[in-house]
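Trainee: Structure provided below as structure tokens; questions to follow.
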Amino acid sequence: MTKKKINILGATGSVGQSTIDVVAAHRDLFDPYLLSAHSKKDALVAAQKRVDATHAVLTQNGSAELLARLEHPVDITLAAIVGMAGLEPLLKAIPYAKVVAIANKEPLVAAGPLVLAEAKKHGTKILPVDSEHNAVFQVFEDTQRDKISRIILTASGGPFRTFSRDDMCDITPAQAIKHPNWSMGAKISVDSATMMNKALEIIEAHYLFDMPAERIDVLVHPQSVVHSMVEYVDGSVLAQMGAPDMKTPITYALGWPDRLTSPGQKLDFTKVSHLEFESPDLERFPALRLAYECLRDGQAAQLVLNAANEVAVAAFLNGEIGFLQIVETVERVLNDLEAQNISSLEALLDFDKNVRIYTRDVIISQ
Ligand code: NAD
Ligand code: MG
């Protein structure tokens with residue numbers, strides 16, 4: 001059997017390293033072509049050695065080399081860069097890959113129609129790696145889509161699930177990046193703590209599964225055993241379960257349509273004493289409300305939500321604003337900015353840049 005050629009974008013990150021583990025466990029199946037990382041040279045070199053990748057590219061001094069290297073036919077590109085920085089590599093990768101496995105949710109939130117149009121144009125299959133969307137994908141019968149009543153995204157609720165708004169005032173970056181169930185990069189950890197991660201995932205689900213906002217629900221499920229569910233009109237609910245380990249959705253995406261063994265954890269049901277589910281509290285976690293408002297308001301609002309959040313999270317991690325101010329800043333920017341026409345990539349990138357500048361101004365003036 002010929003090995004599948006694979007690119008891993010963001011190979012030194014949390015998802016990237018889990019992907020390296022999966023690929024290293026299946027050297028007979030994968031032939032790594034290109035790995036990318038932003039600044040961690042030693043980690044990138046180590047990853048390249050471990051899986052014997054043909055090329056490894058650092059992007060901290062510009063992405064020209066990465067974009068050029070992506071113009072090479074491969075079977076799979078796994079997109080695991082963090083933030084909108086992943087959009088251009090993703091768009092560049094789509095025409096040259098048969099499958100693009102996307103962990104990098106921000107480009108889908110801010111530029112979903114553009115990414116999907118590019119995939120459609122080139123016949124490229126988009127597979128979700130984000131655990132919730134991977135779960136939905138596994139139980140979403142596309143031929144029965146008109147019989148699907150709703151998608152139920154589960155959310156752990158993050159480290160501050162039971163905190164009052166008062167308790168949240170003094171949360172430090174160190175507390176916010178310590179997630180109870182998942183080990184992840186700093187940005188998504190803060191997003192999980194504010195529940196902005198679930199807000200982004202509502203929009204991500206809207207684009208990946210072509211479902212309207214009113215058919216995407218969120219349920220808080222602190223044990224992170226049920227990774228998401230699909231409810232059909234007859235009342236059947238199909239769930240995907242597993243250990244909270246990204247190696248399972250990564251392995252699924254890399255093996256699709258086949259199933260491969262995963263080097264990750266397996267779920268031990270005898271150690272799961274109970275499963276809880278509760279409605280999310282939109283008063284304490286207003287990010288979820290913003291996601292639904294942005295789905296109603298359109299793509300420009302979704303871009304603003306993402307860009308303002310990226311800037312606000314960076315400011316929080318840098319000690320410039322408090323925890324509660326992250327989502328407050330995003331809401332203020334959403335209220336202040338007029339929607340723009342973002343039908344071209346240039347217009348979209350230009351608007352994204354302006355939203356970031358405006359968000360910095362809001363932060364500095366606070
Ligand atoms: P991370 O911070 O651990 O890693 C990010 C990777 O992107 C690194 O390899 C880094 O070198 C690279 N990178 C950072 N800035 C870059 C830039 N400006 N240009 C190019 N490359 C850059 O992040 P992560 O936790 O692995 O998350 C990656 C993406 O996957 C995010 O979009 C996140 O929302 C999504 N995701 C992560 C998890 C998880 O468990 N960590 C789960 C689901 C989805
Ligand atoms: Mg997720």
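Identifiers in the structure tokens: chain A, B, ... in order shown; residue index from 1 per chain; ligand index from 1 in order shown.
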I'd like the contact shell of region 62-78 of chain A - 7 Å cut-off, only C-alpha atoms, skipping same-chain residues fewer than 6 positions apart - returned as a list in words.

Mentor: Lys4, Lys5, Ile6, Asn7, Ile8, Leu9, Pro89, Lys92, Ala93, Tyr96, Ala97, Lys98, Val99, Val100, Ala101 and Ile102 of chain A

Trainee: Residues of chain A that have any atom at most 7 Å from an atom of ligand 2: could you tabulate them with the shortest-distance atom pair and the distance in Å to one decimal, using only C-alpha atoms and all ligand atoms, ordered by chain and increasing number, as a Markdown table?

Mentor:
```
| residue | atom | partner | partner_atom_place_in_ligand_line | distance |
| --- | --- | --- | --- | --- |
| A:Asp130 | CA | ligand 2 | 1 (Mg) | 4.7 |
| A:Ser131 | CA | ligand 2 | 1 (Mg) | 4.9 |
| A:Glu132 | CA | ligand 2 | 1 (Mg) | 5.2 |
| A:Glu201 | CA | ligand 2 | 1 (Mg) | 6.7 |
```

Trainee: Could you write out the selected residues, including N, CA, C and O atoms, as a PDB file, in the first residue's frame?

Mentor:
```pdb
ATOM      1  N   ASP A 130     -11.559  19.157  15.722  1.00  0.00           N
ATOM      2  CA  ASP A 130     -12.088  19.642  17.003  1.00  0.00           C
ATOM      3  C   ASP A 130     -12.977  18.524  17.560  1.00  0.00           C
ATOM      4  O   ASP A 130     -13.821  17.981  16.828  1.00  0.00           O
ATOM      5  N   SER A 131     -12.771  18.153  18.832  1.00  0.00           N
ATOM      6  CA  SER A 131     -13.373  16.907  19.328  1.00  0.00           C
ATOM      7  C   SER A 131     -14.896  16.876  19.193  1.00  0.00           C
ATOM      8  O   SER A 131     -15.465  15.839  18.846  1.00  0.00           O
ATOM      9  N   GLU A 132     -15.549  18.026  19.442  1.00  0.00           N
ATOM     10  CA  GLU A 132     -17.015  18.062  19.364  1.00  0.00           C
ATOM     11  C   GLU A 132     -17.482  17.832  17.928  1.00  0.00           C
ATOM     12  O   GLU A 132     -18.436  17.101  17.671  1.00  0.00           O
ATOM     13  N   GLU A 201     -17.186  27.389  18.609  1.00  0.00           N
ATOM     14  CA  GLU A 201     -17.584  26.062  18.113  1.00  0.00           C
ATOM     15  C   GLU A 201     -19.025  26.029  17.597  1.00  0.00           C
ATOM     16  O   GLU A 201     -19.352  25.221  16.721  1.00  0.00           O
TER      17      GLU A 201
END
```

Trainee: Can you pull out the residues contacting Asp336 (chain A)? Cut-off 12 Å, using only C-alpha atoms, and skip same-chain residues under 5 positions away; I want them as a ChimeraX atom specification.

Mentor: /A:301,304-305,308,329-331,355,358-359,362

Trainee: What are the nearest atom pairs, with distances in Å to one decimal, for all residues of region 37-150 of chain A that come at most 8 Å from region 216-238 of chain A, using only C-alpha atoms, set out by chain and rising residue number as CSV?

Mentor:
```
residue,atom,partner,partner_atom,distance
A:Ser131,CA,A:His227,CA,6.3
A:Glu132,CA,A:His227,CA,5.1
A:His133,CA,A:Ser228,CA,7.4
A:Ala135,CA,A:Ser228,CA,5.6
A:Val136,CA,A:Ser228,CA,5.9
A:Val139,CA,A:Leu238,CA,6.0
A:Phe140,CA,A:Val230,CA,6.5
A:Lys147,CA,A:Val233,CA,5.4
A:Ile148,CA,A:Tyr232,CA,4.3
A:Ser149,CA,A:Tyr232,CA,5.1
A:Arg150,CA,A:Glu231,CA,5.3
```

Trainee: The selected residues should be written to file as an mmCIF file, in the first residue's frame (atoms: N, CA, C and O atoms).

Mentor:
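Output file again10.cif follows:
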```cif
data_model
loop_
_atom_site.group_PDB
_atom_site.id
_atom_site.type_symbol
_atom_site.label_atom_id
_atom_site.label_comp_id
_atom_site.auth_asym_id
_atom_site.auth_seq_id
_atom_site.Cartn_x
_atom_site.Cartn_y
_atom_site.Cartn_z
ATOM 1 N N SER A 131 -12.771 18.153 18.832
ATOM 2 C CA SER A 131 -13.373 16.907 19.328
ATOM 3 C C SER A 131 -14.896 16.876 19.193
ATOM 4 O O SER A 131 -15.465 15.839 18.846
ATOM 5 N N GLU A 132 -15.549 18.026 19.442
ATOM 6 C CA GLU A 132 -17.015 18.062 19.364
ATOM 7 C C GLU A 132 -17.482 17.832 17.928
ATOM 8 O O GLU A 132 -18.436 17.101 17.671
ATOM 9 N N HIS A 133 -16.805 18.499 16.991
ATOM 10 C CA HIS A 133 -17.228 18.433 15.592
ATOM 11 C C HIS A 133 -16.847 17.090 14.977
ATOM 12 O O HIS A 133 -17.550 16.562 14.127
ATOM 13 N N ALA A 135 -16.874 14.410 16.761
ATOM 14 C CA ALA A 135 -17.925 13.548 17.325
ATOM 15 C C ALA A 135 -19.197 13.647 16.486
ATOM 16 O O ALA A 135 -19.788 12.633 16.106
ATOM 17 N N VAL A 136 -19.610 14.880 16.186
ATOM 18 C CA VAL A 136 -20.825 15.084 15.386
ATOM 19 C C VAL A 136 -20.655 14.428 14.019
ATOM 20 O O VAL A 136 -21.542 13.710 13.550
ATOM 21 N N VAL A 139 -21.431 10.766 13.844
ATOM 22 C CA VAL A 139 -22.815 10.293 14.028
ATOM 23 C C VAL A 139 -23.840 11.090 13.200
ATOM 24 O O VAL A 139 -25.039 10.942 13.378
ATOM 25 N N PHE A 140 -23.350 11.919 12.292
ATOM 26 C CA PHE A 140 -24.204 12.769 11.454
ATOM 27 C C PHE A 140 -24.403 12.062 10.121
ATOM 28 O O PHE A 140 -23.488 11.969 9.310
ATOM 29 N N LYS A 147 -33.693 14.797 8.546
ATOM 30 C CA LYS A 147 -34.281 14.113 9.710
ATOM 31 C C LYS A 147 -33.470 14.396 10.981
ATOM 32 O O LYS A 147 -33.705 13.767 12.015
ATOM 33 N N ILE A 148 -32.528 15.302 10.864
ATOM 34 C CA ILE A 148 -31.745 15.675 12.055
ATOM 35 C C ILE A 148 -32.402 16.886 12.691
ATOM 36 O O ILE A 148 -32.586 17.914 12.032
ATOM 37 N N SER A 149 -32.833 16.736 13.946
ATOM 38 C CA SER A 149 -33.504 17.880 14.575
ATOM 39 C C SER A 149 -32.518 18.852 15.195
ATOM 40 O O SER A 149 -32.736 20.054 15.173
ATOM 41 N N ARG A 150 -31.422 18.365 15.752
ATOM 42 C CA ARG A 150 -30.421 19.302 16.267
ATOM 43 C C ARG A 150 -29.096 18.621 16.565
ATOM 44 O O ARG A 150 -29.017 17.407 16.756
#
```

Trainee: Within 9 Å of ligand 1 (counting only C-alpha atoms and all ligand atoms), which residues show up? I'd like them as a PyMOL selection string.

Mentor: chain A and resi 9-18+36-41+44+58-60+62-63+79-86+89+102-107+129-132+182-189+191+197+200+244-246

Trainee: Which value, in Å to one decimal, gives the distance between CA of Thr143 (chain A) and CA of Ala119 (chain A)?

Mentor: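 Computed distance, CA of Thr143 (chain A) to CA of Ala119 (chain A), equals 20.0 Å.
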
Trainee: Skipping near chain neighbours, those fewer than 3 positions away, what residues fall within 12 Å of Asp281 (chain A) using only C-alpha atoms, listed as a PyMOL selection string?

Mentor: chain A and resi 155+157+160-165+194-195+218-220+278+284-289

Trainee: Given the selection you just returned, output its residues as a file containing N, CA and C atoms, formatted as a compact mmCIF listing (two decimals), in the first residue's frame.

Mentor:
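Printed below is out-v1.txt as written:
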```txt
# COMPACT_ATOMS: atom_id res chain seq x y z
N ALA A 155 -19.99 20.82 26.39
CA ALA A 155 -18.95 21.74 26.87
C ALA A 155 -18.58 21.32 28.27
N GLY A 157 -17.45 23.23 30.46
CA GLY A 157 -17.74 24.34 31.36
C GLY A 157 -16.47 25.02 31.85
N PHE A 160 -13.90 27.33 35.57
CA PHE A 160 -14.69 28.26 36.40
C PHE A 160 -16.20 28.03 36.25
N ARG A 161 -16.54 26.81 35.92
CA ARG A 161 -17.93 26.43 35.68
C ARG A 161 -18.85 26.83 36.83
N THR A 162 -18.35 26.71 38.07
CA THR A 162 -19.22 26.97 39.22
C THR A 162 -18.97 28.35 39.85
N PHE A 163 -18.09 29.14 39.24
CA PHE A 163 -17.76 30.47 39.80
C PHE A 163 -18.91 31.46 39.58
N SER A 164 -19.11 32.36 40.56
CA SER A 164 -20.02 33.49 40.34
C SER A 164 -19.25 34.56 39.55
N ARG A 165 -19.96 35.57 39.03
CA ARG A 165 -19.28 36.66 38.32
C ARG A 165 -18.29 37.35 39.27
N THR A 194 -13.55 31.14 29.40
CA THR A 194 -14.61 32.16 29.21
C THR A 194 -15.83 31.55 28.51
N MET A 195 -15.68 30.34 28.04
CA MET A 195 -16.64 29.64 27.17
C MET A 195 -16.74 30.28 25.78
N VAL A 218 -26.11 23.84 23.09
CA VAL A 218 -24.94 23.55 23.93
C VAL A 218 -25.42 22.99 25.25
N LEU A 219 -24.75 21.94 25.71
CA LEU A 219 -25.05 21.33 26.99
C LEU A 219 -23.74 21.23 27.78
N VAL A 220 -23.77 21.72 29.01
CA VAL A 220 -22.56 21.61 29.84
C VAL A 220 -22.50 20.20 30.41
N GLU A 278 -26.07 19.85 32.07
CA GLU A 278 -26.86 21.01 32.52
C GLU A 278 -26.86 22.09 31.44
N ARG A 284 -23.64 34.16 33.34
CA ARG A 284 -22.24 34.07 33.79
C ARG A 284 -21.29 33.89 32.62
N PHE A 285 -21.77 33.30 31.53
CA PHE A 285 -20.91 33.06 30.35
C PHE A 285 -21.55 33.69 29.11
N PRO A 286 -21.49 35.05 29.02
CA PRO A 286 -22.19 35.74 27.93
C PRO A 286 -21.63 35.46 26.53
N ALA A 287 -20.44 34.86 26.45
CA ALA A 287 -19.86 34.57 25.13
C ALA A 287 -20.81 33.74 24.29
N LEU A 288 -21.54 32.82 24.93
CA LEU A 288 -22.45 31.95 24.17
C LEU A 288 -23.57 32.76 23.51
N ARG A 289 -24.08 33.75 24.25
CA ARG A 289 -25.12 34.61 23.68
C ARG A 289 -24.56 35.35 22.46
```
